[in-house]
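Chemist: Quick one: the structure is below, questions incoming.
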Amino acid sequence: MVHRSGFVNIVGNPNVGKSTLMNALVGERLSIITSKAQTTRHRIMGIVNGEDFQMVYSDTPGVLSPNYQLQRQMLEFSRSALVDADVLLYVTEPQDTIDRNPDFIEKVKKMSSAGSSVFLIINKIDLTSQDTLERLVEFWHTQLPEATIFPISAQERFGVSQLFDAIKDALPVGPPFFPKDQLTDKPARFFVNEIIREKILLNYDKEIPYSVEVEVESFKEEDKLISISAVIYCERDSQKGIIIGKAGSALKRVGSQARKDIEEFFQKKVFLQLFVKVDKDWRSNTNRLKHYGYDLS
């Protein structure tokens with residue numbers, strides 16, 4: 001039996017549906033999904049195993065022009081995905097434009113021209129017309145003539161199974177990189193952080209969601225219960241008050257929503273405590289970014 005395995009990296013501009021696509025391909029909710037840009041901050045790995053294959057998916061932050069150290073690190077995550085990909089999925093959507101990040105597109109073109117497996121994914125086709133889709137396919141064919149184009153809707157799961165099969169066929173022949181029962185390279189605490197951060201993105205406006213980081217201080221798992229204590233760090237005292245809300249109402253809402261999703265993720269009852277602290281200008285502080293798990297090497 002021939003076994004195929006490889007790294008499948010998902011890149012593209014913010015808010016084109018990269019995380020939705022990865023979750024659809026992996027079959028598990030590993031990446032947080034909101035309608036706001038810059039939802040993903042890390043490269044998040046999801047592993048799909050079959051008898052004769054192993055796909056190691058990597059969801060990356062949206063490509064953007066960085067304004068502070070955290071965003072520079074997010075861009076490096078995306079750039080590194082161009083280096084170690086066996087199959088590269090460049091995701092776009094009908095409202096996306098090629099001039100948002102021309103330098104990044106040029107790197108994708110070079111990969112494609114060099115013979116790398118590059119799939120151009122036109123996502124969200126359920127939100128556009130057939131005429132527009134045909135024009136998009138023609139446009140991207142001129143931009144990336146060696147790439148294979150897949151019009152899909154990750155949200156509606158349209159075209160996802162065909163894309164999955166094509167990725168499998170494009171993988172190099174080789175043994176698995178990870179144990180066959182492994183789902184991700186991230187620890188349990190990471191997904192608690194991400195779920196809480198998702199609820200912050202959904203419940204607060206303007207700068208608040210992008211100014212916070214979540215850190216799990218305690219994670220104690222028993223047979224039927226997981227007890228978790230986590231801190232939401234923000235950059236200013238004024239933000240702390242907004243996050244907590246009147247009589248703690250806003251923080252309670254975030255905690256309730258997060259607890260339900262964490263219980264679903266781990267299939268266990270969860271006791272969740274949330275605290276809010278100020279970590280001034282952490283997004284621009286190299287030492288603090290390292291502390292929060294951003295590899296700045």
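Within each chain, counting starts at residue 1; across the structure tokens, chains are named A, B, ... in the order shown, with ligands numbered 1 upward in that order.
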So which residues touch Gly17 (chain A) within 7 Å, counting only C-alpha atoms, skipping near sequence neighbours fewer than 3 positions away, as a list in words?
Modeler: Thr20, Leu21 and Asn123 of chain A
Chemist: Take the selection from the previous step and output its residues with N, CA and C atoms, as an mmCIF file, in the first residue's frame.
Modeler:
data_model
loop_
_atom_site.group_PDB
_atom_site.id
_atom_site.type_symbol
_atom_site.label_atom_id
_atom_site.label_comp_id
_atom_site.auth_asym_id
_atom_site.auth_seq_id
_atom_site.Cartn_x
_atom_site.Cartn_y
_atom_site.Cartn_z
ATOM 1 N N THR A 20 -12.531 28.764 8.344
ATOM 2 C CA THR A 20 -13.711 27.961 8.017
ATOM 3 C C THR A 20 -13.329 26.805 7.108
ATOM 4 N N LEU A 21 -12.453 27.081 6.141
ATOM 5 C CA LEU A 21 -12.015 26.033 5.218
ATOM 6 C C LEU A 21 -11.232 24.957 5.954
ATOM 7 N N ASN A 123 -13.325 31.067 -2.507
ATOM 8 C CA ASN A 123 -14.297 30.721 -1.477
ATOM 9 C C ASN A 123 -15.518 31.643 -1.541
#
Chemist: Using only C-alpha atoms, determine which residues lie at most 10 Å from Glu217 (chain A), disregarding the query and same-chain residues fewer than 5 positions distant; provide the list as JSON, numbers by chain.
Modeler: {"A": [189, 228, 229, 230, 231]}
Chemist: Considering only C-alpha atoms, return as a compact mmCIF listing (two decimals) with all heavy atoms, in the first residue's frame whatever protein or nucleic-acid residues lie within 10 Å of Ile152 (chain A), sequence-local ones (same chain, fewer than 4 positions apart) excluded.
Modeler:
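What follows is the written file around.txt:
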# COMPACT_ATOMS: atom_id res chain seq x y z
N LEU A 21 -12.45 27.08 6.14
CA LEU A 21 -12.02 26.03 5.22
C LEU A 21 -11.23 24.96 5.95
O LEU A 21 -11.47 23.76 5.75
CB LEU A 21 -11.16 26.64 4.11
CG LEU A 21 -10.54 25.63 3.14
CD1 LEU A 21 -11.61 24.78 2.46
CD2 LEU A 21 -9.67 26.34 2.10
N GLU A 93 -11.71 35.30 -2.26
CA GLU A 93 -13.18 35.31 -2.33
C GLU A 93 -13.62 36.44 -3.25
O GLU A 93 -12.79 37.27 -3.65
CB GLU A 93 -13.80 35.42 -0.92
CG GLU A 93 -13.29 36.54 -0.07
CD GLU A 93 -14.18 37.76 -0.12
OE1 GLU A 93 -15.30 37.66 -0.64
OE2 GLU A 93 -13.75 38.83 0.34
N ILE A 121 -8.03 28.79 -4.24
CA ILE A 121 -9.37 28.53 -3.74
C ILE A 121 -10.20 29.80 -3.82
O ILE A 121 -9.88 30.80 -3.17
CB ILE A 121 -9.33 28.04 -2.27
CG1 ILE A 121 -8.26 26.96 -2.07
CG2 ILE A 121 -10.71 27.57 -1.83
CD1 ILE A 121 -8.46 25.71 -2.89
N ILE A 122 -11.26 29.78 -4.63
CA ILE A 122 -12.21 30.90 -4.64
C ILE A 122 -13.35 30.52 -3.70
O ILE A 122 -14.21 29.70 -4.04
CB ILE A 122 -12.75 31.17 -6.06
CG1 ILE A 122 -11.59 31.43 -7.04
CG2 ILE A 122 -13.70 32.38 -6.03
CD1 ILE A 122 -12.03 31.60 -8.48
N ASN A 123 -13.32 31.07 -2.51
CA ASN A 123 -14.30 30.72 -1.48
C ASN A 123 -15.52 31.64 -1.54
O ASN A 123 -15.52 32.66 -2.23
CB ASN A 123 -13.62 30.83 -0.10
CG ASN A 123 -14.46 30.23 1.01
OD1 ASN A 123 -15.29 29.36 0.79
ND2 ASN A 123 -14.25 30.71 2.23
N LYS A 124 -16.55 31.27 -0.84
CA LYS A 124 -17.79 32.05 -0.71
C LYS A 124 -18.52 32.23 -2.05
O LYS A 124 -19.13 33.27 -2.30
CB LYS A 124 -17.50 33.42 -0.08
CG LYS A 124 -16.79 33.36 1.27
CD LYS A 124 -16.60 34.74 1.87
CE LYS A 124 -15.80 34.70 3.17
NZ LYS A 124 -15.61 36.03 3.77
N ILE A 125 -18.46 31.21 -2.91
CA ILE A 125 -19.11 31.35 -4.22
C ILE A 125 -20.63 31.36 -4.11
O ILE A 125 -21.31 31.74 -5.07
CB ILE A 125 -18.65 30.25 -5.19
CG1 ILE A 125 -19.07 28.85 -4.68
CG2 ILE A 125 -17.16 30.31 -5.42
CD1 ILE A 125 -18.89 27.77 -5.72
N ASP A 126 -21.15 30.96 -2.94
CA ASP A 126 -22.60 31.05 -2.73
C ASP A 126 -23.07 32.49 -2.60
O ASP A 126 -24.27 32.76 -2.64
CB ASP A 126 -23.01 30.25 -1.48
CG ASP A 126 -22.20 30.66 -0.25
OD1 ASP A 126 -20.97 30.77 -0.37
OD2 ASP A 126 -22.80 30.84 0.82
N GLU A 156 -20.82 26.34 3.35
CA GLU A 156 -21.88 25.43 2.93
C GLU A 156 -21.36 24.04 2.57
O GLU A 156 -22.12 23.17 2.15
CB GLU A 156 -22.63 26.02 1.72
CG GLU A 156 -23.24 27.39 1.97
CD GLU A 156 -24.28 27.35 3.06
OE1 GLU A 156 -24.96 26.31 3.19
OE2 GLU A 156 -24.43 28.36 3.80
N ARG A 157 -20.04 23.85 2.69
CA ARG A 157 -19.38 22.58 2.38
C ARG A 157 -19.49 22.21 0.89
O ARG A 157 -19.33 21.05 0.52
CB ARG A 157 -19.94 21.42 3.23
CG ARG A 157 -19.81 21.60 4.73
CD ARG A 157 -18.34 21.64 5.14
NE ARG A 157 -18.17 21.43 6.56
CZ ARG A 157 -18.13 22.39 7.48
NH1 ARG A 157 -18.28 23.64 7.10
NH2 ARG A 157 -17.94 22.11 8.75
N PHE A 158 -19.72 23.19 0.03
CA PHE A 158 -19.82 22.91 -1.40
C PHE A 158 -18.41 22.85 -2.00
O PHE A 158 -17.64 23.79 -1.88
CB PHE A 158 -20.63 24.01 -2.11
CG PHE A 158 -20.70 23.82 -3.60
CD1 PHE A 158 -21.60 22.93 -4.16
CD2 PHE A 158 -19.85 24.53 -4.44
CE1 PHE A 158 -21.65 22.75 -5.53
CE2 PHE A 158 -19.90 24.36 -5.81
CZ PHE A 158 -20.81 23.46 -6.36
N GLY A 159 -18.09 21.75 -2.65
CA GLY A 159 -16.80 21.58 -3.29
C GLY A 159 -15.68 21.16 -2.37
O GLY A 159 -14.55 20.93 -2.82
N VAL A 160 -15.96 21.03 -1.07
CA VAL A 160 -14.90 20.71 -0.10
C VAL A 160 -14.41 19.27 -0.26
O VAL A 160 -13.21 19.01 -0.20
CB VAL A 160 -15.39 20.96 1.34
CG1 VAL A 160 -14.37 20.46 2.37
CG2 VAL A 160 -15.67 22.44 1.56
N SER A 161 -15.31 18.33 -0.49
CA SER A 161 -14.88 16.93 -0.62
C SER A 161 -14.02 16.73 -1.87
O SER A 161 -13.04 15.97 -1.84
CB SER A 161 -16.10 16.00 -0.67
OG SER A 161 -16.93 16.30 -1.78
N GLN A 162 -14.35 17.44 -2.97
CA GLN A 162 -13.53 17.35 -4.18
C GLN A 162 -12.15 17.94 -3.94
O GLN A 162 -11.13 17.40 -4.41
CB GLN A 162 -14.21 18.07 -5.35
CG GLN A 162 -15.50 17.41 -5.82
CD GLN A 162 -16.73 17.91 -5.09
OE1 GLN A 162 -16.64 18.41 -3.96
NE2 GLN A 162 -17.88 17.78 -5.73
N LEU A 163 -12.10 19.06 -3.20
CA LEU A 163 -10.82 19.66 -2.86
C LEU A 163 -10.00 18.72 -1.98
O LEU A 163 -8.79 18.55 -2.20
CB LEU A 163 -11.05 20.99 -2.14
CG LEU A 163 -9.81 21.69 -1.58
CD1 LEU A 163 -8.82 22.02 -2.68
CD2 LEU A 163 -10.21 22.96 -0.82
Chemist: May I have the residues within 12 Å of Trp140 (chain A) as a list in words, using only C-alpha atoms and disregarding those fewer than 5 positions away in the same chain?
Modeler: Tyr90, Val91, Thr92, Glu93, Pro94, Asp96, Thr97, Ile98, Ile105, Lys109, Phe119, Leu120, Ile121, Ile122, Leu133, Glu134, Arg135, Pro145, Glu146, Ala147, Thr148, Ile149, Phe150 and Pro151 of chain A
Chemist: Please produce a file of the residues just selected, as an mmCIF file, in the first residue's frame, where the atoms kept are N, CA and C atoms.
Modeler:
data_model
loop_
_atom_site.group_PDB
_atom_site.id
_atom_site.type_symbol
_atom_site.label_atom_id
_atom_site.label_comp_id
_atom_site.auth_asym_id
_atom_site.auth_seq_id
_atom_site.Cartn_x
_atom_site.Cartn_y
_atom_site.Cartn_z
ATOM 1 N N TYR A 90 -4.060 28.830 -1.552
ATOM 2 C CA TYR A 90 -4.207 30.283 -1.478
ATOM 3 C C TYR A 90 -5.693 30.590 -1.600
ATOM 4 N N VAL A 91 -6.258 31.149 -0.531
ATOM 5 C CA VAL A 91 -7.706 31.358 -0.459
ATOM 6 C C VAL A 91 -8.033 32.810 -0.789
ATOM 7 N N THR A 92 -8.993 32.975 -1.681
ATOM 8 C CA THR A 92 -9.518 34.284 -2.012
ATOM 9 C C THR A 92 -11.035 34.204 -1.986
ATOM 10 N N GLU A 93 -11.712 35.303 -2.256
ATOM 11 C CA GLU A 93 -13.181 35.305 -2.329
ATOM 12 C C GLU A 93 -13.619 36.440 -3.251
ATOM 13 N N PRO A 94 -14.881 36.471 -3.662
ATOM 14 C CA PRO A 94 -15.301 37.412 -4.709
ATOM 15 C C PRO A 94 -14.978 38.879 -4.444
ATOM 16 N N ASP A 96 -12.400 39.961 -2.734
ATOM 17 C CA ASP A 96 -10.966 40.105 -2.521
ATOM 18 C C ASP A 96 -10.322 40.766 -3.745
ATOM 19 N N THR A 97 -9.232 41.484 -3.530
ATOM 20 C CA THR A 97 -8.521 42.107 -4.640
ATOM 21 C C THR A 97 -7.047 41.755 -4.580
ATOM 22 N N ILE A 98 -6.441 41.617 -5.752
ATOM 23 C CA ILE A 98 -5.056 41.170 -5.826
ATOM 24 C C ILE A 98 -4.073 42.224 -5.331
ATOM 25 N N ILE A 105 1.515 37.764 -3.223
ATOM 26 C CA ILE A 105 1.045 37.073 -4.423
ATOM 27 C C ILE A 105 2.229 36.689 -5.313
ATOM 28 N N LYS A 109 3.191 33.068 -6.807
ATOM 29 C CA LYS A 109 3.436 32.836 -8.235
ATOM 30 C C LYS A 109 4.745 32.085 -8.450
ATOM 31 N N PHE A 119 -2.954 25.371 -5.019
ATOM 32 C CA PHE A 119 -4.380 25.370 -5.323
ATOM 33 C C PHE A 119 -4.927 26.757 -5.017
ATOM 34 N N LEU A 120 -5.556 27.374 -5.999
ATOM 35 C CA LEU A 120 -6.190 28.676 -5.806
ATOM 36 C C LEU A 120 -7.647 28.426 -5.450
ATOM 37 N N ILE A 121 -8.028 28.788 -4.239
ATOM 38 C CA ILE A 121 -9.371 28.529 -3.736
ATOM 39 C C ILE A 121 -10.203 29.804 -3.817
ATOM 40 N N ILE A 122 -11.261 29.781 -4.627
ATOM 41 C CA ILE A 122 -12.213 30.897 -4.644
ATOM 42 C C ILE A 122 -13.349 30.517 -3.704
ATOM 43 N N LEU A 133 -18.366 34.639 -11.069
ATOM 44 C CA LEU A 133 -17.475 33.508 -10.786
ATOM 45 C C LEU A 133 -16.647 33.150 -12.014
ATOM 46 N N GLU A 134 -17.267 33.130 -13.178
ATOM 47 C CA GLU A 134 -16.538 32.814 -14.410
ATOM 48 C C GLU A 134 -15.440 33.842 -14.674
ATOM 49 N N ARG A 135 -15.740 35.113 -14.422
ATOM 50 C CA ARG A 135 -14.721 36.152 -14.602
ATOM 51 C C ARG A 135 -13.575 35.982 -13.605
ATOM 52 N N PRO A 145 -1.221 30.723 -13.706
ATOM 53 C CA PRO A 145 -1.575 29.741 -14.743
ATOM 54 C C PRO A 145 -1.245 28.296 -14.378
ATOM 55 N N GLU A 146 -0.257 28.095 -13.507
ATOM 56 C CA GLU A 146 0.109 26.717 -13.137
ATOM 57 C C GLU A 146 -0.715 26.192 -11.966
ATOM 58 N N ALA A 147 -1.463 27.062 -11.300
ATOM 59 C CA ALA A 147 -2.250 26.632 -10.133
ATOM 60 C C ALA A 147 -3.542 25.955 -10.574
ATOM 61 N N THR A 148 -4.047 25.083 -9.707
ATOM 62 C CA THR A 148 -5.352 24.459 -9.918
ATOM 63 C C THR A 148 -6.395 25.280 -9.173
ATOM 64 N N ILE A 149 -7.471 25.647 -9.877
ATOM 65 C CA ILE A 149 -8.482 26.531 -9.301
ATOM 66 C C ILE A 149 -9.682 25.728 -8.813
ATOM 67 N N PHE A 150 -10.099 26.008 -7.571
ATOM 68 C CA PHE A 150 -11.252 25.331 -6.974
ATOM 69 C C PHE A 150 -12.254 26.371 -6.479
ATOM 70 N N PRO A 151 -13.389 26.550 -7.142
ATOM 71 C CA PRO A 151 -14.467 27.377 -6.592
ATOM 72 C C PRO A 151 -15.228 26.565 -5.536
#
Chemist: Please return as a VMD selection string: the residues of region 30-273 of chain A that backbone DSSP assigns to strand (DSSP E).
Modeler: chain A and resid 44 to 50 53 to 59 87 to 92 117 to 122 148 to 151 213 to 221 225 to 234 269 to 273
Chemist: For those residues, write N, CA and C atoms to a file as a short mmCIF file (atom, residue, chain, number, x, y, z; two decimals), in the first residue's frame.
Modeler:
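Done, and the output landed in selection.cif:
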data_model
loop_
_atom_site.label_atom_id
_atom_site.label_comp_id
_atom_site.auth_asym_id
_atom_site.auth_seq_id
_atom_site.Cartn_x
_atom_site.Cartn_y
_atom_site.Cartn_z
N ILE A 44 -2.11 27.32 13.23
CA ILE A 44 -2.82 26.27 13.96
C ILE A 44 -2.84 25.01 13.11
N MET A 45 -2.33 23.93 13.68
CA MET A 45 -2.17 22.70 12.92
C MET A 45 -3.28 21.71 13.22
N GLY A 46 -3.88 21.18 12.15
CA GLY A 46 -4.88 20.13 12.27
C GLY A 46 -4.47 18.94 11.44
N ILE A 47 -4.57 17.75 11.98
CA ILE A 47 -4.05 16.54 11.33
C ILE A 47 -5.21 15.62 10.96
N VAL A 48 -5.25 15.23 9.69
CA VAL A 48 -6.27 14.30 9.20
C VAL A 48 -5.58 13.01 8.79
N ASN A 49 -6.03 11.89 9.35
CA ASN A 49 -5.41 10.60 9.09
C ASN A 49 -6.36 9.65 8.39
N GLY A 50 -5.83 8.90 7.46
CA GLY A 50 -6.52 7.80 6.83
C GLY A 50 -5.59 6.61 6.78
N PHE A 53 -2.97 7.75 4.19
CA PHE A 53 -2.53 9.13 4.07
C PHE A 53 -2.53 9.83 5.43
N GLN A 54 -1.77 10.93 5.49
CA GLN A 54 -1.82 11.86 6.62
C GLN A 54 -1.66 13.28 6.06
N MET A 55 -2.69 14.11 6.27
CA MET A 55 -2.66 15.51 5.86
C MET A 55 -2.44 16.37 7.10
N VAL A 56 -1.41 17.19 7.07
CA VAL A 56 -1.12 18.08 8.18
C VAL A 56 -1.46 19.50 7.74
N TYR A 57 -2.64 19.96 8.15
CA TYR A 57 -3.12 21.28 7.74
C TYR A 57 -2.59 22.36 8.68
N SER A 58 -2.34 23.53 8.10
CA SER A 58 -1.88 24.67 8.90
C SER A 58 -2.67 25.90 8.48
N ASP A 59 -3.46 26.45 9.40
CA ASP A 59 -4.21 27.68 9.18
C ASP A 59 -3.35 28.83 9.66
N VAL A 87 1.63 21.20 -0.17
CA VAL A 87 0.50 21.71 -0.95
C VAL A 87 0.11 23.06 -0.35
N LEU A 88 0.04 24.08 -1.18
CA LEU A 88 -0.34 25.42 -0.70
C LEU A 88 -1.74 25.75 -1.19
N LEU A 89 -2.61 26.14 -0.25
CA LEU A 89 -3.95 26.59 -0.58
C LEU A 89 -3.99 28.10 -0.43
N TYR A 90 -4.06 28.83 -1.55
CA TYR A 90 -4.21 30.28 -1.48
C TYR A 90 -5.69 30.59 -1.60
N VAL A 91 -6.26 31.15 -0.53
CA VAL A 91 -7.71 31.36 -0.46
C VAL A 91 -8.03 32.81 -0.79
N THR A 92 -8.99 32.97 -1.68
CA THR A 92 -9.52 34.28 -2.01
C THR A 92 -11.03 34.20 -1.99
N SER A 117 2.84 22.37 -5.67
CA SER A 117 1.40 22.16 -5.77
C SER A 117 0.68 23.34 -5.14
N VAL A 118 0.14 24.22 -5.97
CA VAL A 118 -0.58 25.40 -5.50
C VAL A 118 -2.02 25.32 -5.97
N PHE A 119 -2.95 25.37 -5.02
CA PHE A 119 -4.38 25.37 -5.32
C PHE A 119 -4.93 26.76 -5.02
N LEU A 120 -5.56 27.37 -6.00
CA LEU A 120 -6.19 28.68 -5.81
C LEU A 120 -7.65 28.43 -5.45
N ILE A 121 -8.03 28.79 -4.24
CA ILE A 121 -9.37 28.53 -3.74
C ILE A 121 -10.20 29.80 -3.82
N ILE A 122 -11.26 29.78 -4.63
CA ILE A 122 -12.21 30.90 -4.64
C ILE A 122 -13.35 30.52 -3.70
N THR A 148 -4.05 25.08 -9.71
CA THR A 148 -5.35 24.46 -9.92
C THR A 148 -6.39 25.28 -9.17
N ILE A 149 -7.47 25.65 -9.88
CA ILE A 149 -8.48 26.53 -9.30
C ILE A 149 -9.68 25.73 -8.81
N PHE A 150 -10.10 26.01 -7.57
CA PHE A 150 -11.25 25.33 -6.97
C PHE A 150 -12.25 26.37 -6.48
N PRO A 151 -13.39 26.55 -7.14
CA PRO A 151 -14.47 27.38 -6.59
C PRO A 151 -15.23 26.56 -5.54
N GLU A 213 -5.17 39.58 25.05
CA GLU A 213 -4.58 38.25 24.95
C GLU A 213 -5.13 37.43 26.11
N VAL A 214 -5.27 36.14 25.90
CA VAL A 214 -5.82 35.26 26.93
C VAL A 214 -4.75 34.27 27.36
N GLU A 215 -4.64 34.05 28.66
CA GLU A 215 -3.68 33.09 29.19
C GLU A 215 -4.36 32.20 30.21
N VAL A 216 -4.28 30.90 30.00
CA VAL A 216 -4.82 29.94 30.96
C VAL A 216 -3.80 29.74 32.07
N GLU A 217 -4.17 30.10 33.29
CA GLU A 217 -3.25 29.96 34.42
C GLU A 217 -3.37 28.61 35.10
N SER A 218 -4.55 28.01 35.01
CA SER A 218 -4.77 26.71 35.66
C SER A 218 -5.71 25.87 34.81
N PHE A 219 -5.32 24.61 34.56
CA PHE A 219 -6.13 23.67 33.79
C PHE A 219 -6.04 22.32 34.50
N LYS A 220 -7.09 21.97 35.26
CA LYS A 220 -7.09 20.73 36.03
C LYS A 220 -8.21 19.82 35.52
N GLU A 221 -7.80 18.69 34.94
CA GLU A 221 -8.76 17.78 34.34
C GLU A 221 -8.97 16.55 35.21
N LEU A 225 -14.88 16.41 35.06
CA LEU A 225 -14.86 17.88 35.18
C LEU A 225 -13.49 18.44 34.85
N ILE A 226 -13.48 19.58 34.15
CA ILE A 226 -12.25 20.33 33.92
C ILE A 226 -12.42 21.69 34.60
N SER A 227 -11.49 22.02 35.49
CA SER A 227 -11.51 23.32 36.17
C SER A 227 -10.45 24.21 35.54
N ILE A 228 -10.89 25.38 35.07
CA ILE A 228 -10.01 26.27 34.32
C ILE A 228 -10.05 27.68 34.93
N SER A 229 -8.87 28.25 35.10
CA SER A 229 -8.75 29.64 35.50
C SER A 229 -7.95 30.36 34.41
N ALA A 230 -8.52 31.44 33.85
CA ALA A 230 -7.86 32.14 32.76
C ALA A 230 -7.90 33.64 32.99
N VAL A 231 -6.88 34.32 32.46
CA VAL A 231 -6.78 35.78 32.58
C VAL A 231 -6.89 36.40 31.19
N ILE A 232 -7.73 37.42 31.08
CA ILE A 232 -7.82 38.23 29.87
C ILE A 232 -6.97 39.47 30.10
N TYR A 233 -5.89 39.60 29.33
CA TYR A 233 -5.02 40.76 29.45
C TYR A 233 -5.40 41.81 28.40
N CYS A 234 -5.50 43.07 28.84
CA CYS A 234 -5.75 44.18 27.92
C CYS A 234 -4.64 45.20 28.10
N LYS A 269 -17.88 18.39 31.48
CA LYS A 269 -18.32 19.56 32.21
C LYS A 269 -17.11 20.45 32.52
N VAL A 270 -17.35 21.76 32.49
CA VAL A 270 -16.26 22.71 32.70
C VAL A 270 -16.65 23.74 33.74
N PHE A 271 -15.74 24.00 34.67
CA PHE A 271 -15.87 25.13 35.61
C PHE A 271 -14.84 26.16 35.17
N LEU A 272 -15.31 27.34 34.75
CA LEU A 272 -14.43 28.35 34.17
C LEU A 272 -14.46 29.64 34.97
N GLN A 273 -13.29 30.10 35.39
CA GLN A 273 -13.14 31.38 36.06
C GLN A 273 -12.35 32.32 35.15
#
Chemist: Measuring between only C-alpha atoms, which one of A:Phe191, A:Tyr210, A:Tyr204, A:Phe7 shows the shortest distance to Ile262 (chain A)?
Modeler: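 Looking only at the distances to Ile262 (chain A), the closest residue turns out to be A:Phe191.
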Chemist: Would you work out the distance separating CA of Val26 (chain A) from CA of Gln182 (chain A), expressed in Å to one decimal?
Modeler: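 Separation of CA of Val26 (chain A) and CA of Gln182 (chain A): 12.1 Å.
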Chemist: Using only C-alpha atoms, find the one residue out of A:Ser116, A:Gly293, A:Met22, A:Ile10 that sits nearest to Phe190 (chain A).
Modeler: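 Nearest to Phe190 (chain A): A:Gly293.
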Chemist: Might you pull out every residue within 6 Å of Leu171 (chain A), with only C-alpha atoms counted and same-chain residues fewer than 6 positions away left off, and present them as a PyMOL selection string?
Modeler: chain A and resi 4-6
Chemist: Find, counting only C-alpha atoms, the residue in A:Val192, A:Ile242, A:Ala24, A:Val16 that gets nearest to Gly255 (chain A).
Modeler: A:Val192
Chemist: List as JSON, numbers by chain the protein and nucleic acid residues near Asp52 (chain A), meaning an atom at most 10 Å away when only C-alpha atoms are counted, but skip any in the same chain fewer than 5 places from it.
Modeler: {"A": [1, 2, 3, 4, 5, 168, 173, 174, 175, 176]}
Chemist: Create the file for the chosen residues now, containing N, CA, C and O atoms and written as a tab-separated table (two decimals), in the first residue's frame.
Modeler:
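Listing of part_9.tsv after writing:
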chain	number	residue	atom	x	y	z
A	1	MET	N	0.84	-1.20	0.00
A	1	MET	CA	0.00	0.00	0.00
A	1	MET	C	0.87	1.25	0.00
A	1	MET	O	1.80	1.39	0.80
A	2	VAL	N	0.61	2.16	-0.91
A	2	VAL	CA	1.33	3.43	-0.97
A	2	VAL	C	0.75	4.40	0.06
A	2	VAL	O	-0.46	4.60	0.12
A	3	HIS	N	1.61	4.99	0.87
A	3	HIS	CA	1.17	5.95	1.88
A	3	HIS	C	1.65	7.34	1.50
A	3	HIS	O	2.81	7.54	1.16
A	4	ARG	N	0.73	8.32	1.57
A	4	ARG	CA	1.06	9.70	1.25
A	4	ARG	C	0.94	10.56	2.50
A	4	ARG	O	0.03	10.36	3.31
A	5	SER	N	1.83	11.52	2.65
A	5	SER	CA	1.75	12.44	3.78
A	5	SER	C	2.42	13.75	3.41
A	5	SER	O	3.33	13.79	2.59
A	168	LYS	N	-5.25	15.16	-1.31
A	168	LYS	CA	-4.71	13.82	-1.01
A	168	LYS	C	-3.86	13.30	-2.17
A	168	LYS	O	-2.76	12.78	-1.97
A	173	VAL	N	4.60	10.85	-1.56
A	173	VAL	CA	4.62	9.51	-0.98
A	173	VAL	C	5.60	9.52	0.20
A	173	VAL	O	6.72	10.03	0.09
A	174	GLY	N	5.15	9.01	1.35
A	174	GLY	CA	6.01	8.99	2.51
A	174	GLY	C	5.27	8.54	3.75
A	174	GLY	O	4.03	8.47	3.76
A	175	PRO	N	6.00	8.27	4.84
A	175	PRO	CA	5.38	7.83	6.09
A	175	PRO	C	4.73	9.01	6.81
A	175	PRO	O	5.00	10.17	6.50
A	176	PRO	N	3.88	8.73	7.81
A	176	PRO	CA	3.25	9.82	8.57
A	176	PRO	C	4.28	10.58	9.40
A	176	PRO	O	5.29	10.02	9.84
Chemist: Name all residues at most 6 Å from Glu235 (chain A) (count only C-alpha atoms; drop same-chain ones fewer than 5 positions away) and give them as a list of chain:residue names.
Modeler: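 Non-adjacent residues within range: A:Val278, A:Asp279, A:Lys280, A:Asp281.
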Chemist: Quick check, in Å to one decimal: how far apart do CA of Gly241 (chain A) and CA of Glu207 (chain A) lie?
Modeler: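 A separation of 13.8 Å between them.
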Chemist: Can you tell me how far CA of Ile200 (chain A) sits from CA of Ser238 (chain A), in Å to one decimal?
Modeler: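 Calculated distance between CA of Ile200 (chain A) and CA of Ser238 (chain A) is 15.8 Å.
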Chemist: May I have all residues of region 80-256 of chain A that DSSP, computed from the backbone, assigns to helix (DSSP H, G or I), given as a PyMOL selection string?
Modeler: chain A and resi 80+98-100+102-113+125-127+130-143+160-170+188-203+208-210+237-244+246-256
